[in-house]
Amino acid sequence: MNETLPRAAIRAAKTNLVWLALPLIALAIAVAWILSADPLSGFRNGAPPVENLTFERTVLDDSGLRLFVRAGGSEPMTVAQVQVDDAYWQFTQDPPGPIARGKAAWLSLPFPWMLGEAHALKVVTNTGATFAHDIAVAVPTPQATAGQLRLQALVGIIVGIVPVAVGLMFYPLLRGVGQAGMAFLLSLTIGLLAFLLIDASAEALELASQAAAIFQGPVMVVLAGLGSFLLLMAIGRRGGVPTGLALSTYIALGIGLHNLGEGLAIGAAFAAGSAGLGTFLVLGFALHNVTEGIGIAAPILKQRPSLWVFVGLTLLAGGPAVIGMWLGSLATSAQWSALALAIGAGAILQVIVEVSAYLMRQSGKRIEVLLTPPVMSGLVAGVAFMYVTAAVVKI
Amino acid sequence: MGGLAAAGGTAICAGAAPAQIASHGGGHQMAARASEGMAAPMPAMGHGAMMTVGDVDNTANGFDPTDMLTDWDTGTVSVLPDGRTLRTFEMAAEDRDIEIAPGITFPAWTYNGRVPGPALRAKEGERLRIVFRNYASHPHSIHFHGIHAARMDGVPGAGMVDPGDEFVYEFDAKPFGCHLYHCHAMPLRRHIHKGMYGAFVIDPDPERHPDQIDVARSRLIGTPENAGWQELVMVMNAFDTNFDAENEFYAVNTVAHAFMKRPIRIVKSKPVRIYLINVIEFDPINSFHLHANFFDYYDQGTTLTPTLRTVDLITQCQAQRGILEFTFAEHEPGLYMFHPHQTEFTELGWVGMFDVVEALA
Ligand SMILES: [Cu+2]
């Protein structure tokens with residue numbers, strides 16, 4: 001006991017402890033009662049437990065096909081039989097036995113899948129419920145060989161790093177722009193980021209809808225997006241309002257997280273066998289990303305950063321595309337891709353706020369600056385350019 | 001044997017099949033695969049991979065599809081004052097969870113705790129009395145395919161039995177043939193696909209068919225002529241386990257793949273007679289195809305001469321049935337497949353093997 005504390009303070013602390021303990025004890029008693037007395041039994045009507053099964057990964061290789069399935073029901077689920085193309089096939093399950101809620105297992109079938117054909121999978125549980133999954137085009141799942149990873153890194157560089165570098169190469173040219181030109185460039189950045197925000201959010205929500213119910217897709221996306229936004233705002237503003245290189249770095253980070261998502265999308269397309277679309281997809285993404293370099297350059301036009309700063313910004317904005325490619329082609333589950341995209345969306349929102357604030361400070365006109373012709377046209381140009389180039393890569 | 005490995009262009013091999021058969025099927029698939037650009041052959045292929053996994057617990061079910069093939073319920077016999085035979089059957093409706101494929105539980109409605117219900121067998125002209133008690137949770141009935149009075153028809157208003165109640169159906173056994181019975185409560189489709197059906201065979205009375213007395217005697221259970229035959233009752237059925245009005249499992253006598261995992265023993269010297277009944281729901285037609293052999297067919301079993309001769313495939317609409325007769329006497333021993341030639345049904349469980357042997361061990 002600390003002798004220096006007045007008795008009154010000690011007494012108050014003890015009282016507080018009691019007031020903290022009381023509700024907790026009450027809660028514990030309530031939980032114990034619900035578990036033991038089972039007052040909910042009156043609602044049970046003999047209906048079978050709700051079952052849910054999510055197919056997270058499908059791997060096709062020399063040994064047949066393997067499915068990574070996650071159980072999301074009110075009770076543990078038992079996979080009893082597996083159909084492929086309306087025929088029962090023998091399979092093995094790892095780990096065997098019932099799959100607990102939220103847990104996943106691999107199902108392996110020695111099925112002679114046909115290159116380039118569609119296959120329909122159906123899992124039958126012990127209650128007779130069925131869960132279907134289609135393989136649209138059967139192709140061997142890419143193996144994580146060093147050669148494959150190198151090739152993907154190359155594609156990631158073309159999609160992420162090269163266009164950002166190309167955009168940054170406009171730097172000397174952009175330095176000559178005046179006040180109005182600067183306002184145009186910054187609002188162009190905001191426009192393209194606004195497009196990316198909507199695009200990444202929509203993509204994240206769509207992926208989240210494919211994930212197991214236990215991940216609560218939309219809620220997870222919104223929480224992760226808001227969380228990353230607030231965290232980055234807090235970090236960005238801890239030393240005052242970000243300007244110049246700091247602001248450029250945040251733009252590069254936001255775009256980098258977005259490019260991670262793009263990498264995931266291309267990697268997943270390759271893994272799903274859409275490799276025929278690859279070249280087109282890669283060129284489209286590259287064109288699309290050139291604007292991003294211009295956006296990163298805008299806040300540092302009045303500074304003279306060293307060449308290494310440009311290299312660093314390029315890697316920060318473009319490098320994650322490579323990592324995304326790797327993760328996407330190794331076919332991570334939908335919920336993790338959704339989470340990555342949601343974090344990216346939050347980061348983009350932070351950059352939009354900061355660039356807008358920067359734009360307003362630059363002009364000294366506060367909010368009215370947004371209604372000036374250079375800014376209006378910059379916003380429209382940014383969104384429109386992204387929209388048109390995005391159309392190229394839509395399948 | 002060449003056709004053995006191919007059914008609908010796909011290899012199907014019994015887990016218990018001799019190695020030469022399994023490797024034959026596997027070899028076919030390997031050869032096909034090599035031309036499809038696969039990097040390496042799959043060692044697990046062709047060794048019975050197209051099959052349900054595991055086995056059904058027949059003991060827990062209380063019935064065994066193999067035993068059902070020959071399990072006739074001939075009831076109890078007594079003599080009426082006028083000297084005629086009275087044959088009495090006891091039937092009870094009961095809700096019961098049954099295992100229809102390895103690991104798959106189906107909440108069935110049953111007659112006498114089994115699906116299909118007991119295979120009733122009587123002789124033409126006998127008086128039949130069927131005491132039906134309903135221990136289940138819904139009203140049920142027994143509608144017999146045969147000739148009887150309207151008030152014995154088992155339709156609503158004529159022998160529908162509420163839970164806890166009892167009804168006695170009574171009529172003469174006619175015409176002779178391979179018939180069926182099923183519940184006729186509404187909705188009809190649900191009561192049937194839940195499992196309320198079974199075989200109802202009336203053997204011809206040889207006395208009434210002097211022209212074909214030998215054929216009639218061979219059909220009449222208990223005669224020495226009948227003992228020379230190997231008789232099997234096969235009820236073609238299927239189960240919709242996820243309520244989408246499509247069947248997930250197809251079978252004969254309920255359990256998918258039962259006769260692939262345990263081929264039906266056939267003694268080479270004994271001719272085979274199959275009482276075949278189609279009670280499949282959700283699919284309009286079912287069929288029966290025999291490998292490496294042909295058979296004579298008696299549609300509905302109501303004639304003593306075949307209605308089709310030397311065929312290897314017959315089709316049956318819902319509730320259609322008939323008698324198949326064939327022999328393996330001239331064949332070499334081995335495994336001979338039978339299945340519907342709707343390949344989808346085959347691959348979803350309705351397929352089996354006859355294991356033709358010189359003599360029963
Ligand atoms: Cu019924």
# chains A, B, ... in the order shown; residues from 1 in each chain; ligands from 1
>>> residues_around(residues="B:Arg96", least_positions_apart="6", cutoff="8 Å", atoms="only C-alpha atoms", output="ChimeraX atom specification")
/B:107-110,113
>>> write_last_selection(atoms="N, CA, C and O atoms", output="PDB file, in the first residue's frame")
ATOM      1  N   PRO B 107     -33.565 -38.358 -43.360  1.00  0.00           N
ATOM      2  CA  PRO B 107     -34.702 -38.520 -42.454  1.00  0.00           C
ATOM      3  C   PRO B 107     -35.862 -39.177 -43.199  1.00  0.00           C
ATOM      4  O   PRO B 107     -36.682 -38.486 -43.798  1.00  0.00           O
ATOM      5  N   ALA B 108     -35.893 -40.492 -43.166  1.00  0.00           N
ATOM      6  CA  ALA B 108     -36.839 -41.241 -43.998  1.00  0.00           C
ATOM      7  C   ALA B 108     -38.159 -41.477 -43.288  1.00  0.00           C
ATOM      8  O   ALA B 108     -38.247 -41.409 -42.067  1.00  0.00           O
ATOM      9  N   TRP B 109     -39.193 -41.727 -44.101  1.00  0.00           N
ATOM     10  CA  TRP B 109     -40.461 -42.277 -43.620  1.00  0.00           C
ATOM     11  C   TRP B 109     -40.497 -43.700 -44.147  1.00  0.00           C
ATOM     12  O   TRP B 109     -40.295 -43.933 -45.342  1.00  0.00           O
ATOM     13  N   THR B 110     -40.720 -44.663 -43.262  1.00  0.00           N
ATOM     14  CA  THR B 110     -40.512 -46.058 -43.652  1.00  0.00           C
ATOM     15  C   THR B 110     -41.740 -46.926 -43.385  1.00  0.00           C
ATOM     16  O   THR B 110     -42.607 -46.590 -42.587  1.00  0.00           O
ATOM     17  N   GLY B 113     -39.595 -49.887 -40.808  1.00  0.00           N
ATOM     18  CA  GLY B 113     -38.253 -49.412 -40.483  1.00  0.00           C
ATOM     19  C   GLY B 113     -37.240 -49.536 -41.587  1.00  0.00           C
ATOM     20  O   GLY B 113     -36.053 -49.322 -41.366  1.00  0.00           O
TER      21      GLY B 113
END
>>> select_by_dssp(residues="stretch 177-318 of chain B", states="alpha helix (DSSP H)", output="ChimeraX atom specification")
/B:188-193,213-219,224-227,258-261
>>> atom_distance(atom1="atom CA of A:Leu207", atom2="atom CA of A:Ala338")
5.4 Å
>>> atom_distance(atom1="atom CA of B:Asp299", atom2="atom CA of B:Arg273")
13.2 Å
>>> residues_near_ligand(ligand="ligand 1", cutoff="12 Å", atoms="only C-alpha atoms and all ligand atoms", output="CSV table (one decimal) with C-alpha atoms, in the first residue's frame")
chain,number,residue,atom,x,y,z
B,92,ALA,CA,-46.1,-50.3,-39.6
B,93,ALA,CA,-45.2,-46.7,-40.6
B,94,GLU,CA,-42.3,-45.3,-38.7
B,95,ASP,CA,-40.1,-42.1,-39.0
B,108,ALA,CA,-36.8,-41.2,-44.0
B,109,TRP,CA,-40.5,-42.3,-43.6
B,110,THR,CA,-40.5,-46.1,-43.7
B,111,TYR,CA,-42.6,-49.2,-43.7
B,134,ASN,CA,-49.1,-45.8,-38.2
B,135,TYR,CA,-46.4,-45.0,-35.6
B,136,ALA,CA,-45.1,-42.1,-37.7
B,137,SER,CA,-45.7,-38.4,-37.4
B,138,HIS,CA,-47.8,-37.9,-40.5
B,139,PRO,CA,-51.0,-39.6,-41.9
B,140,HIS,CA,-49.9,-42.5,-44.2
B,141,SER,CA,-51.6,-45.2,-46.2
B,142,ILE,CA,-50.7,-48.2,-48.4
B,143,HIS,CA,-51.9,-48.0,-52.0
B,154,GLY,CA,-55.2,-46.3,-49.8
B,155,VAL,CA,-56.1,-42.9,-51.2
B,156,PRO,CA,-57.5,-40.1,-49.0
B,159,GLY,CA,-57.5,-46.4,-45.8
B,160,MET,CA,-55.7,-43.2,-44.9
B,161,VAL,CA,-54.3,-43.8,-41.4
B,162,ASP,CA,-53.6,-41.0,-38.9
B,163,PRO,CA,-50.7,-41.2,-36.5
B,181,TYR,CA,-47.2,-50.6,-53.1
B,182,HIS,CA,-46.6,-47.1,-51.8
B,183,CYS,CA,-48.1,-44.4,-49.6
B,184,HIS,CA,-50.8,-42.3,-51.3
B,185,ALA,CA,-51.0,-39.5,-48.7
B,186,MET,CA,-50.7,-36.0,-50.1
B,187,PRO,CA,-48.3,-34.5,-51.2
B,188,LEU,CA,-47.7,-37.8,-53.0
B,189,ARG,CA,-44.3,-37.1,-54.3
B,190,ARG,CA,-42.9,-36.3,-50.9
B,191,HIS,CA,-44.4,-39.4,-49.3
B,192,ILE,CA,-42.9,-41.6,-52.0
B,193,HIS,CA,-39.5,-40.0,-52.1
B,194,LYS,CA,-39.2,-40.1,-48.3
B,195,GLY,CA,-39.1,-43.9,-48.6
B,196,MET,CA,-42.7,-45.2,-48.5
B,197,TYR,CA,-42.7,-47.9,-51.1
